[in-house]
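Listing of start_13.txt, compact mmCIF, N, CA and C atoms
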```txt
# COMPACT_ATOMS: atom_id res chain seq x y z
N GLN A 17 18.94 34.20 -4.87
CA GLN A 17 18.91 32.87 -5.47
C GLN A 17 18.07 31.95 -4.59
N LEU A 18 17.16 31.19 -5.22
CA LEU A 18 16.29 30.31 -4.48
C LEU A 18 16.93 28.93 -4.40
N LYS A 19 17.14 28.44 -3.19
CA LYS A 19 17.72 27.12 -3.06
C LYS A 19 17.43 26.50 -1.70
N LEU A 20 17.59 25.18 -1.66
CA LEU A 20 17.48 24.41 -0.44
C LEU A 20 18.85 23.88 -0.07
N MET A 21 19.12 23.81 1.22
CA MET A 21 20.42 23.34 1.68
C MET A 21 20.23 22.35 2.80
N GLU A 22 20.72 21.13 2.57
CA GLU A 22 20.68 20.12 3.62
C GLU A 22 21.97 20.16 4.43
N SER A 23 21.88 19.78 5.67
CA SER A 23 23.06 19.65 6.52
C SER A 23 22.76 18.63 7.61
N GLY A 24 23.82 18.23 8.29
CA GLY A 24 23.67 17.31 9.41
C GLY A 24 24.08 15.88 9.14
N GLY A 25 24.41 15.56 7.87
CA GLY A 25 24.85 14.22 7.58
C GLY A 25 26.19 13.91 8.24
N ALA A 26 26.40 12.64 8.57
CA ALA A 26 27.63 12.26 9.26
C ALA A 26 27.78 10.74 9.24
N LEU A 27 28.90 10.29 9.76
CA LEU A 27 29.13 8.87 10.01
C LEU A 27 28.64 8.57 11.43
N VAL A 28 27.77 7.59 11.57
CA VAL A 28 27.21 7.25 12.87
C VAL A 28 27.16 5.74 13.01
N GLN A 29 27.27 5.27 14.24
CA GLN A 29 27.22 3.83 14.49
C GLN A 29 25.78 3.32 14.44
N PRO A 30 25.60 2.05 14.12
CA PRO A 30 24.25 1.47 14.16
C PRO A 30 23.61 1.69 15.53
N GLY A 31 22.34 2.04 15.51
CA GLY A 31 21.63 2.35 16.74
C GLY A 31 21.71 3.81 17.14
N GLY A 32 22.52 4.57 16.46
CA GLY A 32 22.70 5.98 16.78
C GLY A 32 21.61 6.86 16.20
N SER A 33 21.78 8.17 16.43
CA SER A 33 20.79 9.15 15.98
C SER A 33 21.47 10.29 15.25
N LEU A 34 20.72 10.92 14.37
CA LEU A 34 21.16 12.12 13.66
C LEU A 34 19.94 13.00 13.42
N ARG A 35 20.18 14.30 13.32
CA ARG A 35 19.14 15.19 12.88
C ARG A 35 19.61 15.93 11.64
N LEU A 36 18.89 15.75 10.57
CA LEU A 36 19.18 16.46 9.33
C LEU A 36 18.35 17.74 9.27
N SER A 37 18.92 18.76 8.68
CA SER A 37 18.23 20.04 8.51
C SER A 37 18.09 20.37 7.03
N CYS A 38 17.00 20.99 6.69
CA CYS A 38 16.74 21.47 5.34
C CYS A 38 16.36 22.94 5.46
N ALA A 39 17.26 23.81 5.05
CA ALA A 39 17.03 25.25 5.17
C ALA A 39 16.82 25.85 3.79
N ALA A 40 15.97 26.86 3.73
CA ALA A 40 15.66 27.53 2.46
C ALA A 40 16.33 28.89 2.39
N SER A 41 16.74 29.23 1.20
CA SER A 41 17.29 30.55 0.94
C SER A 41 16.49 31.20 -0.18
N GLY A 42 15.97 32.39 0.10
CA GLY A 42 15.24 33.11 -0.93
C GLY A 42 13.75 32.86 -0.97
N PHE A 43 13.24 31.95 -0.14
CA PHE A 43 11.80 31.71 -0.08
C PHE A 43 11.46 31.15 1.28
N THR A 44 10.15 31.12 1.57
CA THR A 44 9.68 30.72 2.89
C THR A 44 9.17 29.29 2.86
N LEU A 45 9.77 28.43 3.65
CA LEU A 45 9.39 27.02 3.65
C LEU A 45 7.98 26.79 4.17
N GLU A 46 7.47 27.71 4.95
CA GLU A 46 6.13 27.56 5.50
C GLU A 46 5.08 27.45 4.39
N SER A 47 5.39 28.00 3.22
CA SER A 47 4.46 27.98 2.09
C SER A 47 4.62 26.76 1.19
N TYR A 48 5.43 25.81 1.65
CA TYR A 48 5.74 24.64 0.84
C TYR A 48 5.57 23.36 1.63
N GLY A 49 5.14 22.31 0.92
CA GLY A 49 5.27 20.98 1.47
C GLY A 49 6.70 20.51 1.25
N ILE A 50 7.21 19.72 2.16
CA ILE A 50 8.61 19.29 2.13
C ILE A 50 8.71 17.78 2.16
N GLY A 51 9.59 17.27 1.35
CA GLY A 51 9.87 15.84 1.34
C GLY A 51 11.33 15.56 1.60
N TRP A 52 11.59 14.47 2.28
CA TRP A 52 12.96 13.97 2.44
C TRP A 52 13.07 12.68 1.62
N PHE A 53 14.14 12.58 0.87
CA PHE A 53 14.39 11.43 0.03
C PHE A 53 15.82 10.94 0.28
N ARG A 54 16.10 9.74 -0.15
CA ARG A 54 17.46 9.24 -0.04
C ARG A 54 17.80 8.38 -1.24
N GLN A 55 19.09 8.32 -1.52
CA GLN A 55 19.54 7.50 -2.63
C GLN A 55 20.85 6.83 -2.24
N ALA A 56 20.83 5.51 -2.22
CA ALA A 56 22.01 4.73 -1.94
C ALA A 56 22.70 4.39 -3.25
N PRO A 57 23.99 4.10 -3.23
CA PRO A 57 24.71 3.76 -4.47
C PRO A 57 24.05 2.60 -5.20
N GLY A 58 23.82 2.79 -6.49
CA GLY A 58 23.24 1.75 -7.30
C GLY A 58 21.75 1.56 -7.14
N LYS A 59 21.12 2.41 -6.34
CA LYS A 59 19.67 2.29 -6.13
C LYS A 59 18.95 3.55 -6.57
N GLU A 60 17.65 3.42 -6.77
CA GLU A 60 16.85 4.56 -7.15
C GLU A 60 16.57 5.44 -5.92
N ARG A 61 16.30 6.69 -6.18
CA ARG A 61 15.92 7.61 -5.11
C ARG A 61 14.57 7.17 -4.54
N GLU A 62 14.46 7.19 -3.22
CA GLU A 62 13.22 6.77 -2.57
C GLU A 62 12.76 7.80 -1.55
N GLY A 63 11.46 7.88 -1.37
CA GLY A 63 10.91 8.79 -0.37
C GLY A 63 11.07 8.25 1.03
N VAL A 64 11.38 9.12 1.95
CA VAL A 64 11.59 8.76 3.35
C VAL A 64 10.47 9.33 4.22
N SER A 65 10.24 10.62 4.09
CA SER A 65 9.25 11.28 4.93
C SER A 65 8.84 12.57 4.24
N CYS A 66 7.59 12.99 4.45
CA CYS A 66 7.15 14.24 3.85
C CYS A 66 6.09 14.87 4.72
N ILE A 67 5.95 16.19 4.57
CA ILE A 67 5.00 16.94 5.37
C ILE A 67 4.33 17.99 4.49
N GLY A 68 3.01 18.09 4.58
CA GLY A 68 2.29 19.05 3.78
C GLY A 68 2.40 20.46 4.33
N LYS A 69 2.12 21.44 3.50
CA LYS A 69 2.21 22.82 3.99
C LYS A 69 1.01 23.19 4.85
N SER A 70 -0.09 22.44 4.71
CA SER A 70 -1.26 22.70 5.55
C SER A 70 -1.34 21.75 6.73
N ALA A 71 -1.10 20.46 6.48
CA ALA A 71 -1.25 19.48 7.55
C ALA A 71 -0.74 18.13 7.10
N GLY A 72 -0.51 17.27 8.07
CA GLY A 72 -0.23 15.88 7.78
C GLY A 72 1.20 15.59 7.39
N SER A 73 1.63 14.39 7.73
CA SER A 73 2.96 13.90 7.35
C SER A 73 2.88 12.41 7.13
N THR A 74 3.83 11.91 6.39
CA THR A 74 3.87 10.49 6.06
C THR A 74 5.31 10.00 6.11
N ASN A 75 5.49 8.79 6.60
CA ASN A 75 6.80 8.15 6.59
C ASN A 75 6.75 6.89 5.75
N ALA A 76 7.85 6.56 5.14
CA ALA A 76 7.98 5.28 4.48
C ALA A 76 7.94 4.18 5.53
N ASP A 77 7.46 3.00 5.15
CA ASP A 77 7.35 1.90 6.10
C ASP A 77 8.71 1.56 6.72
N SER A 78 9.75 1.70 5.93
CA SER A 78 11.09 1.31 6.40
C SER A 78 11.62 2.20 7.52
N VAL A 79 11.03 3.39 7.70
CA VAL A 79 11.54 4.30 8.73
C VAL A 79 10.48 4.66 9.77
N THR A 80 9.28 4.14 9.61
CA THR A 80 8.20 4.43 10.57
C THR A 80 8.61 3.99 11.97
N GLY A 81 8.42 4.90 12.91
CA GLY A 81 8.80 4.61 14.28
C GLY A 81 10.22 4.99 14.61
N ARG A 82 11.00 5.33 13.58
CA ARG A 82 12.41 5.70 13.80
C ARG A 82 12.72 7.13 13.33
N PHE A 83 12.06 7.60 12.28
CA PHE A 83 12.31 8.93 11.72
C PHE A 83 11.09 9.81 11.96
N THR A 84 11.35 11.10 12.21
CA THR A 84 10.29 12.07 12.41
C THR A 84 10.62 13.35 11.65
N ILE A 85 9.65 13.83 10.88
CA ILE A 85 9.82 15.09 10.16
C ILE A 85 9.11 16.20 10.93
N SER A 86 9.72 17.37 10.97
CA SER A 86 9.11 18.49 11.69
C SER A 86 9.55 19.81 11.07
N ARG A 87 8.81 20.87 11.43
CA ARG A 87 9.11 22.21 10.91
C ARG A 87 9.45 23.16 12.05
N ASP A 88 10.31 24.11 11.74
CA ASP A 88 10.51 25.27 12.61
C ASP A 88 10.38 26.49 11.70
N ASN A 89 9.20 27.03 11.61
CA ASN A 89 8.95 28.13 10.67
C ASN A 89 9.77 29.37 11.03
N ALA A 90 10.01 29.57 12.29
CA ALA A 90 10.79 30.74 12.70
C ALA A 90 12.22 30.68 12.15
N LYS A 91 12.72 29.45 11.98
CA LYS A 91 14.07 29.27 11.44
C LYS A 91 14.06 28.93 9.95
N ASN A 92 12.85 28.87 9.38
CA ASN A 92 12.73 28.55 7.97
C ASN A 92 13.43 27.24 7.64
N THR A 93 13.21 26.25 8.49
CA THR A 93 13.94 24.99 8.40
C THR A 93 12.99 23.82 8.67
N VAL A 94 13.22 22.73 7.95
CA VAL A 94 12.53 21.47 8.21
C VAL A 94 13.58 20.46 8.64
N TYR A 95 13.22 19.64 9.62
CA TYR A 95 14.17 18.68 10.18
C TYR A 95 13.73 17.25 9.89
N LEU A 96 14.68 16.37 9.86
CA LEU A 96 14.42 14.94 9.85
C LEU A 96 15.21 14.33 11.01
N GLN A 97 14.50 14.00 12.07
CA GLN A 97 15.14 13.36 13.22
C GLN A 97 15.17 11.87 12.97
N MET A 98 16.37 11.31 13.00
CA MET A 98 16.55 9.89 12.70
C MET A 98 17.14 9.20 13.93
N SER A 99 16.52 8.12 14.33
CA SER A 99 17.01 7.36 15.48
C SER A 99 17.05 5.87 15.12
N SER A 100 17.68 5.09 15.98
CA SER A 100 17.83 3.64 15.76
C SER A 100 18.32 3.37 14.35
N LEU A 101 19.33 4.10 13.95
CA LEU A 101 19.83 4.01 12.57
C LEU A 101 20.41 2.64 12.28
N LYS A 102 20.22 2.21 11.04
CA LYS A 102 20.67 0.90 10.58
C LYS A 102 21.63 1.09 9.40
N PRO A 103 22.49 0.14 9.14
CA PRO A 103 23.39 0.25 7.98
C PRO A 103 22.63 0.50 6.68
N GLU A 104 21.44 -0.06 6.56
CA GLU A 104 20.66 0.14 5.33
C GLU A 104 20.10 1.55 5.20
N ASP A 105 20.26 2.38 6.20
CA ASP A 105 19.88 3.78 6.10
C ASP A 105 20.97 4.62 5.43
N THR A 106 22.11 4.01 5.16
CA THR A 106 23.21 4.71 4.51
C THR A 106 22.81 5.17 3.12
N ALA A 107 22.95 6.46 2.87
CA ALA A 107 22.55 7.05 1.59
C ALA A 107 22.86 8.54 1.60
N VAL A 108 22.72 9.15 0.44
CA VAL A 108 22.67 10.60 0.37
C VAL A 108 21.22 11.01 0.57
N TYR A 109 21.01 11.93 1.49
CA TYR A 109 19.66 12.39 1.82
C TYR A 109 19.43 13.76 1.19
N TYR A 110 18.28 13.88 0.54
CA TYR A 110 17.89 15.11 -0.13
C TYR A 110 16.57 15.63 0.43
N CYS A 111 16.42 16.94 0.44
CA CYS A 111 15.10 17.49 0.72
C CYS A 111 14.60 18.18 -0.55
N ALA A 112 13.28 18.27 -0.64
CA ALA A 112 12.63 18.89 -1.80
C ALA A 112 11.43 19.68 -1.31
N ALA A 113 11.07 20.72 -2.05
CA ALA A 113 9.97 21.59 -1.68
C ALA A 113 8.96 21.69 -2.81
N SER A 114 7.69 21.64 -2.45
CA SER A 114 6.61 21.72 -3.43
C SER A 114 5.56 22.73 -2.98
N SER A 115 5.23 23.67 -3.86
CA SER A 115 4.21 24.67 -3.54
C SER A 115 2.80 24.10 -3.63
N THR A 116 2.65 22.90 -4.21
CA THR A 116 1.32 22.31 -4.39
C THR A 116 1.05 21.15 -3.44
N LEU A 117 1.97 20.91 -2.51
CA LEU A 117 1.79 19.82 -1.55
C LEU A 117 1.11 20.36 -0.31
N TYR A 118 -0.22 20.26 -0.26
CA TYR A 118 -0.97 20.81 0.87
C TYR A 118 -1.04 19.82 2.03
N TYR A 119 -1.23 18.56 1.71
CA TYR A 119 -1.39 17.56 2.76
C TYR A 119 -0.38 16.44 2.55
N GLY A 120 0.20 15.99 3.64
CA GLY A 120 1.26 15.00 3.55
C GLY A 120 0.77 13.58 3.44
N GLY A 121 0.15 13.26 2.33
CA GLY A 121 -0.29 11.89 2.08
C GLY A 121 0.83 11.04 1.50
N SER A 122 0.55 9.76 1.29
CA SER A 122 1.58 8.83 0.83
C SER A 122 2.13 9.21 -0.54
N TYR A 123 1.35 9.93 -1.32
CA TYR A 123 1.80 10.32 -2.66
C TYR A 123 3.03 11.22 -2.60
N CYS A 124 3.23 11.91 -1.50
CA CYS A 124 4.37 12.83 -1.44
C CYS A 124 5.69 12.11 -1.21
N LEU A 125 5.65 10.79 -1.08
CA LEU A 125 6.89 10.02 -0.99
C LEU A 125 7.45 9.71 -2.38
N ARG A 126 6.75 10.13 -3.40
CA ARG A 126 7.20 9.86 -4.76
C ARG A 126 8.17 10.95 -5.23
N PRO A 127 9.37 10.57 -5.65
CA PRO A 127 10.29 11.57 -6.20
C PRO A 127 9.71 12.27 -7.43
N GLN A 128 8.73 11.63 -8.09
CA GLN A 128 8.15 12.18 -9.30
C GLN A 128 7.06 13.21 -9.02
N TRP A 129 6.75 13.43 -7.76
CA TRP A 129 5.77 14.47 -7.40
C TRP A 129 6.26 15.81 -7.93
N SER A 130 5.40 16.80 -7.98
CA SER A 130 5.73 18.10 -8.52
C SER A 130 6.57 18.92 -7.53
N TRP A 131 7.85 18.59 -7.47
CA TRP A 131 8.76 19.30 -6.57
C TRP A 131 9.35 20.51 -7.28
N ASP A 132 9.29 21.65 -6.63
CA ASP A 132 9.80 22.89 -7.23
C ASP A 132 11.31 23.04 -7.03
N TYR A 133 11.80 22.60 -5.89
CA TYR A 133 13.22 22.76 -5.58
C TYR A 133 13.77 21.49 -4.95
N TRP A 134 15.02 21.22 -5.23
CA TRP A 134 15.76 20.12 -4.61
C TRP A 134 17.06 20.67 -4.03
N GLY A 135 17.46 20.08 -2.91
CA GLY A 135 18.76 20.41 -2.36
C GLY A 135 19.84 19.54 -2.99
N GLN A 136 21.08 19.78 -2.59
CA GLN A 136 22.22 19.07 -3.15
C GLN A 136 22.53 17.76 -2.43
N GLY A 137 21.95 17.57 -1.27
CA GLY A 137 22.13 16.31 -0.56
C GLY A 137 23.17 16.37 0.55
N THR A 138 23.00 15.48 1.51
CA THR A 138 23.96 15.33 2.60
C THR A 138 24.15 13.84 2.87
N GLN A 139 25.39 13.43 3.07
CA GLN A 139 25.71 12.00 3.19
C GLN A 139 25.48 11.52 4.62
N VAL A 140 24.75 10.42 4.73
CA VAL A 140 24.58 9.72 6.00
C VAL A 140 25.17 8.32 5.85
N THR A 141 26.11 7.99 6.71
CA THR A 141 26.72 6.67 6.68
C THR A 141 26.55 6.02 8.05
N VAL A 142 25.95 4.85 8.05
CA VAL A 142 25.73 4.11 9.30
C VAL A 142 26.62 2.87 9.27
N SER A 143 27.61 2.89 10.10
CA SER A 143 28.60 1.82 10.09
C SER A 143 29.34 1.77 11.40
N SER A 144 29.74 0.56 11.79
CA SER A 144 30.55 0.41 12.99
C SER A 144 32.04 0.40 12.64
```
Please render this file's structure as structure tokens.
Amino acid sequence: QLKLMESGGALVQPGGSLRLSCAASGFTLESYGIGWFRQAPGKEREGVSCIGKSAGSTNADSVTGRFTISRDNAKNTVYLQMSSLKPEDTAVYYCAASSTLYYGGSYCLRPQWSWDYWGQGTQVTVSS
């Protein structure tokens, strides 16, 4: 079965850090561009960070300087390192994979991009 699985969500205090993981089952993430998205209650899903399968990555303005996307091909996993977390970062975080995302330009922050797979999400809550 082909699927993506997010993990690493938790309750964290403002200013804290978390690392989210996106692992693939049944396919190789190295052959896919990956996007991280989030959705807060009552809001639309928004792009956070994405990385192309060939090169390049992009962050949303709201997380630039605080979030970093990276790959570990040996572990078939993509990470989202989040630091200096704010209450407004509270959301369910999803990862998605696209076989046609070669370069991580700003367009890959769109949930409407041609994503082949989506994970089920992991909850991140930033609160004191």
>> Just list as a list in words whatever in segment 35-73 of chain A DSSP marks as strand (DSSP E or B).
In response: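 Answer for segment 35-73 of chain A restricted to strand (DSSP E or B) is Arg35, Leu36, Ser37, Cys38, Ala39, Ala40, Ser41, Gly49, Ile50, Gly51, Trp52, Phe53, Arg54, Gln55, Glu62, Gly63, Val64, Ser65, Cys66, Ile67, Ala71 and Ser73 of chain A.
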>> Taking only N, CA and C atoms into account, name the residue in A:Ser114, A:Val108, A:Ser144, A:Ser130 that is nearest to Ala56 of chain A.
In response: A:Val108
>> Give me, as a list in words, all polymer residues having an atom no more than 6.5 Å from segment 28-41 of chain A, counting only N, CA and C atoms and skipping those fewer than 6 positions away in the same chain.
In response: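 The filter keeps Gln17, Leu18, Lys19, Leu20, Met21, Glu22, Asn92, Thr93, Val94, Tyr95, Leu96, Gln97, Met98, Ser99, Ser100, Leu101, Lys102, Pro103, Cys111, Val140, Thr141, Val142, Ser143 and Ser144 of chain A.
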>> One decimal, in Å: what's the spacing between atom CA of Arg126 of chain A and atom C of Val64 of chain A?
In response: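 Pair atom CA of Arg126 of chain A / atom C of Val64 of chain A returns 9.6 Å.
Ranking A:Ser70, A:Ala26, A:Cys124, A:Gly137 by their shortest atom-to-atom distance to Gly51 of chain A, with all atoms listed in the file included, puts A:Cys124 first.
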> Expressed in Å to a single decimal, how great is the separation between atom N of Pro57 of chain A and atom N of Asn75 of chain A?
Replying inline: 21.5 Å
> Looking at A:Gly49, A:Gly72, A:Gly24, A:Gly58, which one is nearest to Ala112 of chain A, with distances taken over all atoms listed in the file?
Replying inline: A:Gly49
Work out where the centre of an axis-aligned box around every listed atom of segment 120-130 of chain A lies and how long its edges are once 4 Å is added on each side; give both in Å to one decimal as AutoDock Vina command-line options.
```
--center_x 5.0 --center_y 13.9 --center_z -2.8 --size_x 18.6 --size_y 18.1 --size_z 20.9
```
>> Taking only N, CA and C atoms into account, name the residue in A:Gln55, A:Cys66, A:Gly42, A:Trp131 that is nearest to Thr116 of chain A.
In response: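 Among the listed residues, the smallest separation from Thr116 of chain A belongs to A:Trp131.
Closest to Glu46 of chain A among A:Gln136, A:Pro127, A:Tyr110, A:Ala71 is A:Ala71, based on only C-alpha atoms.
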>> Just to confirm, what's the straight-line distance from atom C of Phe43 of chain A to atom N of Ala107 of chain A in Å (one decimal)?
In response: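 Pair atom C of Phe43 of chain A / atom N of Ala107 of chain A returns 27.3 Å.
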> Which residue out of A:Tyr118, A:Trp129, A:Tyr109, A:Tyr123 has the minimum interatomic distance to Trp52 of chain A when all atoms listed in the file are used?
Replying inline: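 The answer is A:Tyr109, which sits nearest to Trp52 of chain A.
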>> What's around Thr74 of chain A at 10 Å? Count only C-alpha atoms, leave out sequence neighbours fewer than 3 positions away in its own chain, and write the answer as an MDAnalysis selection string.
In response: chainID A and resid 51 63:68 77 80 84:85 119:125
Could you save those same residues with N, CA and C atoms as a CSV table (one decimal), in the frame of the given file?
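What follows is the written file again05.csv:
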```
chain,number,residue,atom,x,y,z
A,51,GLY,N,9.6,17.3,1.4
A,51,GLY,CA,9.9,15.8,1.3
A,51,GLY,C,11.3,15.6,1.6
A,63,GLY,N,11.5,7.9,-1.4
A,63,GLY,CA,10.9,8.8,-0.4
A,63,GLY,C,11.1,8.2,1.0
A,64,VAL,N,11.4,9.1,2.0
A,64,VAL,CA,11.6,8.8,3.4
A,64,VAL,C,10.5,9.3,4.2
A,65,SER,N,10.2,10.6,4.1
A,65,SER,CA,9.2,11.3,4.9
A,65,SER,C,8.8,12.6,4.2
A,66,CYS,N,7.6,13.0,4.4
A,66,CYS,CA,7.2,14.2,3.8
A,66,CYS,C,6.1,14.9,4.7
A,67,ILE,N,6.0,16.2,4.6
A,67,ILE,CA,5.0,16.9,5.4
A,67,ILE,C,4.3,18.0,4.5
A,68,GLY,N,3.0,18.1,4.6
A,68,GLY,CA,2.3,19.0,3.8
A,68,GLY,C,2.4,20.5,4.3
A,77,ASP,N,7.5,3.0,5.2
A,77,ASP,CA,7.4,1.9,6.1
A,77,ASP,C,8.7,1.6,6.7
A,80,THR,N,9.3,4.1,9.6
A,80,THR,CA,8.2,4.4,10.6
A,80,THR,C,8.6,4.0,12.0
A,84,THR,N,11.4,11.1,12.2
A,84,THR,CA,10.3,12.1,12.4
A,84,THR,C,10.6,13.4,11.6
A,85,ILE,N,9.6,13.8,10.9
A,85,ILE,CA,9.8,15.1,10.2
A,85,ILE,C,9.1,16.2,10.9
A,119,TYR,N,-1.2,18.6,1.7
A,119,TYR,CA,-1.4,17.6,2.8
A,119,TYR,C,-0.4,16.4,2.6
A,120,GLY,N,0.2,16.0,3.6
A,120,GLY,CA,1.3,15.0,3.6
A,120,GLY,C,0.8,13.6,3.4
A,121,GLY,N,0.2,13.3,2.3
A,121,GLY,CA,-0.3,11.9,2.1
A,121,GLY,C,0.8,11.0,1.5
A,122,SER,N,0.6,9.8,1.3
A,122,SER,CA,1.6,8.8,0.8
A,122,SER,C,2.1,9.2,-0.5
A,123,TYR,N,1.4,9.9,-1.3
A,123,TYR,CA,1.8,10.3,-2.7
A,123,TYR,C,3.0,11.2,-2.6
A,124,CYS,N,3.2,11.9,-1.5
A,124,CYS,CA,4.4,12.8,-1.4
A,124,CYS,C,5.7,12.1,-1.2
A,125,LEU,N,5.6,10.8,-1.1
A,125,LEU,CA,6.9,10.0,-1.0
A,125,LEU,C,7.4,9.7,-2.4
```
Can you put N, CA, C and O atoms back into segment 70-88 of chain A and show it as a short mmCIF file (atom, residue, chain, number, x, y, z; two decimals), in the coordinates of the input?
```
data_model
loop_
_atom_site.label_atom_id
_atom_site.label_comp_id
_atom_site.auth_asym_id
_atom_site.auth_seq_id
_atom_site.Cartn_x
_atom_site.Cartn_y
_atom_site.Cartn_z
N SER A 70 -0.09 22.44 4.71
CA SER A 70 -1.26 22.70 5.55
C SER A 70 -1.34 21.75 6.73
O SER A 70 -1.62 22.16 7.86
N ALA A 71 -1.10 20.46 6.48
CA ALA A 71 -1.25 19.48 7.55
C ALA A 71 -0.74 18.13 7.10
O ALA A 71 -0.61 17.86 5.92
N GLY A 72 -0.51 17.27 8.07
CA GLY A 72 -0.23 15.88 7.78
C GLY A 72 1.20 15.59 7.39
O GLY A 72 1.89 16.42 6.80
N SER A 73 1.63 14.39 7.73
CA SER A 73 2.96 13.90 7.35
C SER A 73 2.88 12.41 7.13
O SER A 73 1.96 11.74 7.62
N THR A 74 3.83 11.91 6.39
CA THR A 74 3.87 10.49 6.06
C THR A 74 5.31 10.00 6.11
O THR A 74 6.22 10.72 5.71
N ASN A 75 5.49 8.79 6.60
CA ASN A 75 6.80 8.15 6.59
C ASN A 75 6.75 6.89 5.75
O ASN A 75 5.72 6.20 5.69
N ALA A 76 7.85 6.56 5.14
CA ALA A 76 7.98 5.28 4.48
C ALA A 76 7.94 4.18 5.53
O ALA A 76 8.36 4.38 6.68
N ASP A 77 7.46 3.00 5.15
CA ASP A 77 7.35 1.90 6.10
C ASP A 77 8.71 1.56 6.72
O ASP A 77 8.79 1.20 7.90
N SER A 78 9.75 1.70 5.93
CA SER A 78 11.09 1.31 6.40
C SER A 78 11.62 2.20 7.52
O SER A 78 12.57 1.82 8.21
N VAL A 79 11.03 3.39 7.70
CA VAL A 79 11.54 4.30 8.73
C VAL A 79 10.48 4.66 9.77
O VAL A 79 10.78 5.39 10.72
N THR A 80 9.28 4.14 9.61
CA THR A 80 8.20 4.43 10.57
C THR A 80 8.61 3.99 11.97
O THR A 80 9.09 2.88 12.16
N GLY A 81 8.42 4.90 12.91
CA GLY A 81 8.80 4.61 14.28
C GLY A 81 10.22 4.99 14.61
O GLY A 81 10.62 4.99 15.78
N ARG A 82 11.00 5.33 13.58
CA ARG A 82 12.41 5.70 13.80
C ARG A 82 12.72 7.13 13.33
O ARG A 82 13.57 7.79 13.93
N PHE A 83 12.06 7.60 12.28
CA PHE A 83 12.31 8.93 11.72
C PHE A 83 11.09 9.81 11.96
O PHE A 83 9.94 9.36 11.88
N THR A 84 11.35 11.10 12.21
CA THR A 84 10.29 12.07 12.41
C THR A 84 10.62 13.35 11.65
O THR A 84 11.72 13.89 11.80
N ILE A 85 9.65 13.83 10.88
CA ILE A 85 9.82 15.09 10.16
C ILE A 85 9.11 16.20 10.93
O ILE A 85 8.05 15.98 11.52
N SER A 86 9.72 17.37 10.97
CA SER A 86 9.11 18.49 11.69
C SER A 86 9.55 19.81 11.07
O SER A 86 10.51 19.86 10.31
N ARG A 87 8.81 20.87 11.43
CA ARG A 87 9.11 22.21 10.91
C ARG A 87 9.45 23.16 12.05
O ARG A 87 8.92 23.04 13.15
N ASP A 88 10.31 24.11 11.74
CA ASP A 88 10.51 25.27 12.61
C ASP A 88 10.38 26.49 11.70
O ASP A 88 11.35 26.90 11.06
#
```
